[in-house]
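A short worksheet on the structure shown next.
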Number of protein chains: 2
Amino acid sequence: MNLPPSPLGLAGLTLITMWQLYQFALCPFSRKVRLLMGEKGIGYELVREYPWERRDEFLDLNPAGQTPVLIDPDRGLTLIHSSVICEFLEETVDKTPMISGTAPNRAEIRRLTAWFDEQFYMQVVGPLLHERMEKRLIHRTSPDGGILREAMRNANQLLDYIDWLLDQRNWLAGSSLSLADLAAAAHISVADYLGGIDWRGHEQTKRWYSGLKSRPSFRPLLSEKMEIIPPPTHYDKVDF
Amino acid sequence: MNLPPSPLGLAGLTLITMWQLYQFALCPFSRKVRLLMGEKGIGYELVREYPWERRDEFLDLNPAGQTPVLIDPDRGLTLIHSSVICEFLEETVDKTPMISGTAPNRAEIRRLTAWFDEQFYMQVVGPLLHERMEKRLIHRTSPDGGILREAMRNANQLLDYIDWLLDQRNWLAGSSLSLADLAAAAHISVADYLGGIDWRGHEQTKRWYSGLKSRPSFRPLLSEKMEIIPPPTHYDKVDF
């Protein structure tokens, strides 16, 4: 797996950063946190964690056994669960707010973030990860074509809804970039990596996603690969 | 089904309340919202919604098709998803804050709330609802004894973790009552209604839950029954 340099390799950064993020390259929830940290300019080190290995040390950190976990050993802080981490960073780092606006605006940002984290994950990303990554890495079996096709059909339907939102708004939850866009980009990017997105007929979503792909917060994620599972050639291209 | 009086029956309340909550009696996510609204003294009307019926009007309201949805027709507000609703109520109603304290305190409250909404739901409440309610109401089939026993074993393990938390803290997330306790009570109460909780050996959790049961915010929920599925006799008793 091609991950960014290990903590010790981030020579310059280690002096100014304290956060360590436990994650793996294709975890959409970790990607959401990384996009938020990127937009806010918060430095962090990556610690690769495969949650399915159920390492004792990781279970001690998070009894739920899931990535991401964000820790700051110096301050004794352990933040568990992507939405908990995002709310914490919003509350403590003023720069580039991503859950902003009036209370109803904030509710809409959170609704769509939850929609991607639950609906899009359950119907698209989860099945794709199971069939294309877990079966390969853990069970050493082949993916089930029927389940893959169903996940792609679901993706197509859910992208119709995103097209519809983007017909009315510049960004998913309103007039400005928000956590909803980052959550969407995180999940869509993993689905796209795993060959689950057919972009034809989704011009609005494609244009919006192309804009996100060119952001500095997104570039590092798009350059990471799991060698055992190569992405399609269009995956990291801004024009696709 | 014995639900509280319909909106028109809440004679005095309709004058001061505008909120309508779409929910059904055994939806743990709706119960969490109701407990929060009860603690904050926010009036609301109940609208019974069975999400599995997938009513067109409800899907128009919430494309994800899930309860709870909280609307205020007068102000044109539609709030979707229990955690979105809880964050909105915290932000807009100062009385009795339930996600309070320092940023790390707030993260711990949100972590445990998410833990109940995801882990406890997935391992205990979801399977119990499927076996004991959905199979009866929708599929007209009998519950699978193996799945019920597994859900009860899971409940037992997860209650061990709650016992452990309560060995160190007065309330689940720290020294004061928080949304984590309300989320826990919501899920545990549905599991208990469906006969999924064996209280033996969980003295700490039992004492904590008995205290919650006696709160005015909890009493109305405990008095509601689904006639087709009677709860065990201890279900609504503070001493059990």
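FYI, nothing fancy with the structure tokens labels: chains A, B, ... in order, residues from 1 per chain, ligands from 1 as they appear.
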
Select residues of chain A: the criterion is any atom within 7 Å of an atom of chain B, counting only C-alpha atoms; output as a PDB file with N, CA, C and O atoms, in the first residue's frame.
```pdb
ATOM      1  N   LEU A  79     -10.186  11.224  20.346  1.00  0.00           N
ATOM      2  CA  LEU A  79     -11.469  11.550  19.719  1.00  0.00           C
ATOM      3  C   LEU A  79     -11.872  10.411  18.803  1.00  0.00           C
ATOM      4  O   LEU A  79     -11.116  10.011  17.912  1.00  0.00           O
ATOM      5  N   ILE A  80     -13.064   9.889  19.046  1.00  0.00           N
ATOM      6  CA  ILE A  80     -13.534   8.680  18.376  1.00  0.00           C
ATOM      7  C   ILE A  80     -14.784   8.983  17.567  1.00  0.00           C
ATOM      8  O   ILE A  80     -15.682   9.660  18.078  1.00  0.00           O
ATOM      9  N   HIS A  81     -14.835   8.475  16.345  1.00  0.00           N
ATOM     10  CA  HIS A  81     -16.007   8.616  15.469  1.00  0.00           C
ATOM     11  C   HIS A  81     -15.868   9.887  14.622  1.00  0.00           C
ATOM     12  O   HIS A  81     -15.637  10.966  15.133  1.00  0.00           O
ATOM     13  N   VAL A  84     -17.969  12.965  15.572  1.00  0.00           N
ATOM     14  CA  VAL A  84     -17.481  13.557  16.823  1.00  0.00           C
ATOM     15  C   VAL A  84     -16.226  14.387  16.542  1.00  0.00           C
ATOM     16  O   VAL A  84     -16.081  15.512  17.026  1.00  0.00           O
ATOM     17  N   PHE A  88     -15.814  18.432  16.946  1.00  0.00           N
ATOM     18  CA  PHE A  88     -14.746  18.928  17.825  1.00  0.00           C
ATOM     19  C   PHE A  88     -13.869  19.939  17.096  1.00  0.00           C
ATOM     20  O   PHE A  88     -13.564  21.007  17.612  1.00  0.00           O
ATOM     21  N   ALA A 103     -28.985  28.250  12.289  1.00  0.00           N
ATOM     22  CA  ALA A 103     -29.267  26.909  12.828  1.00  0.00           C
ATOM     23  C   ALA A 103     -29.913  26.004  11.763  1.00  0.00           C
ATOM     24  O   ALA A 103     -29.523  24.836  11.626  1.00  0.00           O
ATOM     25  N   ALA A 107     -28.317  22.590  10.279  1.00  0.00           N
ATOM     26  CA  ALA A 107     -29.080  21.332  10.276  1.00  0.00           C
ATOM     27  C   ALA A 107     -29.023  20.677   8.890  1.00  0.00           C
ATOM     28  O   ALA A 107     -28.912  19.452   8.771  1.00  0.00           O
ATOM     29  N   ARG A 110     -25.644  19.115   8.405  1.00  0.00           N
ATOM     30  CA  ARG A 110     -25.538  17.856   9.178  1.00  0.00           C
ATOM     31  C   ARG A 110     -26.429  16.767   8.590  1.00  0.00           C
ATOM     32  O   ARG A 110     -26.084  15.590   8.622  1.00  0.00           O
ATOM     33  N   ARG A 111     -27.602  17.146   8.072  1.00  0.00           N
ATOM     34  CA  ARG A 111     -28.486  16.141   7.472  1.00  0.00           C
ATOM     35  C   ARG A 111     -27.798  15.462   6.293  1.00  0.00           C
ATOM     36  O   ARG A 111     -27.789  14.233   6.181  1.00  0.00           O
TER      37      ARG A 111
END
```

Who sits within 8 Å of A:Leu182, only C-alpha atoms, same chain under 4 positions skipped, as a ChimeraX atom specification: /A:32,35-36,178,186

Long-range neighbours of stretch 200-206 of chain B as a PyMOL selection string, 9 Å cut-off, only C-alpha atoms, 3 positions minimum in chain: chain B and resi 156+159-160+162-164+166-167+197+209-211+240

Take the residues just selected and output them with N, CA and C atoms as a compact mmCIF listing (two decimals), in the first residue's frame.
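Heads up, here's the output in again.txt:
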```txt
# COMPACT_ATOMS: atom_id res chain seq x y z
N ASN B 156 -25.98 -8.11 26.88
CA ASN B 156 -25.29 -8.41 28.12
C ASN B 156 -23.85 -7.87 28.12
N LEU B 159 -23.91 -4.04 28.15
CA LEU B 159 -24.25 -3.54 29.49
C LEU B 159 -23.05 -3.64 30.44
N ASP B 160 -22.17 -4.63 30.20
CA ASP B 160 -20.94 -4.69 31.00
C ASP B 160 -20.12 -3.41 30.81
N ILE B 162 -21.33 -0.49 30.01
CA ILE B 162 -22.04 0.61 30.69
C ILE B 162 -21.81 0.53 32.20
N ASP B 163 -21.86 -0.69 32.75
CA ASP B 163 -21.52 -0.86 34.18
C ASP B 163 -20.16 -0.25 34.47
N TRP B 164 -19.20 -0.56 33.60
CA TRP B 164 -17.82 -0.09 33.80
C TRP B 164 -17.76 1.43 33.77
N LEU B 166 -20.18 3.44 34.54
CA LEU B 166 -20.87 3.97 35.71
C LEU B 166 -20.14 3.67 37.02
N ASP B 167 -19.13 2.80 36.96
CA ASP B 167 -18.26 2.62 38.12
C ASP B 167 -17.41 3.86 38.34
N ILE B 197 -33.39 -7.53 27.56
CA ILE B 197 -32.43 -7.18 28.61
C ILE B 197 -32.62 -8.11 29.81
N TYR B 209 -30.53 3.38 35.46
CA TYR B 209 -31.72 3.36 34.60
C TYR B 209 -32.98 3.60 35.44
N SER B 210 -33.00 3.11 36.67
CA SER B 210 -34.14 3.33 37.55
C SER B 210 -34.31 4.83 37.80
N GLY B 211 -33.19 5.53 38.00
CA GLY B 211 -33.24 6.99 38.19
C GLY B 211 -33.81 7.69 36.96
N PHE B 240 -37.54 -2.52 39.59
CA PHE B 240 -37.68 -3.69 38.70
C PHE B 240 -36.59 -4.70 39.01
```

Counting only C-alpha atoms, the residue of A:Lys40, A:Gly196, A:Ala184, A:Pro220 that sits nearest A:Pro97: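 Of the candidates, the smallest distance to A:Pro97 is held by A:Lys40.
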
For atom CA of A:Pro231 and atom CA of A:Arg34, the interatomic separation in Å (one decimal):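 That distance, rounded to one decimal, is 19.7 Å.
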
Straight-line distance linking atom CA of A:Ile229 with atom CA of A:Glu45, stated in Å to one decimal: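 Atom-to-atom, atom CA of A:Ile229 to atom CA of A:Glu45, that is 23.7 Å.
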
DSSP strand (DSSP E or B) selection over stretch 121-240 of chain B, as a list of chain:residue names: B:Trp171, B:Gly174, B:Lys225, B:Met226, B:Ile229

Using C-alpha atoms, can you export the residues from the last selection as a short mmCIF file (atom, residue, chain, number, x, y, z; two decimals), in the first residue's frame?
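Output file selection.cif is given in full below:
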```cif
data_model
loop_
_atom_site.label_atom_id
_atom_site.label_comp_id
_atom_site.auth_asym_id
_atom_site.auth_seq_id
_atom_site.Cartn_x
_atom_site.Cartn_y
_atom_site.Cartn_z
CA TRP B 171 -23.64 9.72 34.52
CA GLY B 174 -19.30 12.47 33.10
CA LYS B 225 -47.71 0.39 24.40
CA MET B 226 -48.02 -1.31 21.06
CA ILE B 229 -46.58 -6.54 21.30
#
```

Near-A:Gly145 list (12 Å; only C-alpha atoms; drop same-chain fewer than 3 positions) as an MDAnalysis selection string: chainID A and resid 127:128 131:132 142 148:152 196

Neighbour list for B:Glu39 as a list in words, cut-off 10 Å, only C-alpha atoms, skip fewer than 5 positions in-chain: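 Near B:Glu39, the qualifying residues are Val33, Arg34, Lys95, Thr96, Pro97, Met98, Leu182, Arg215, Pro216, Ser217 and Phe218 of chain B.
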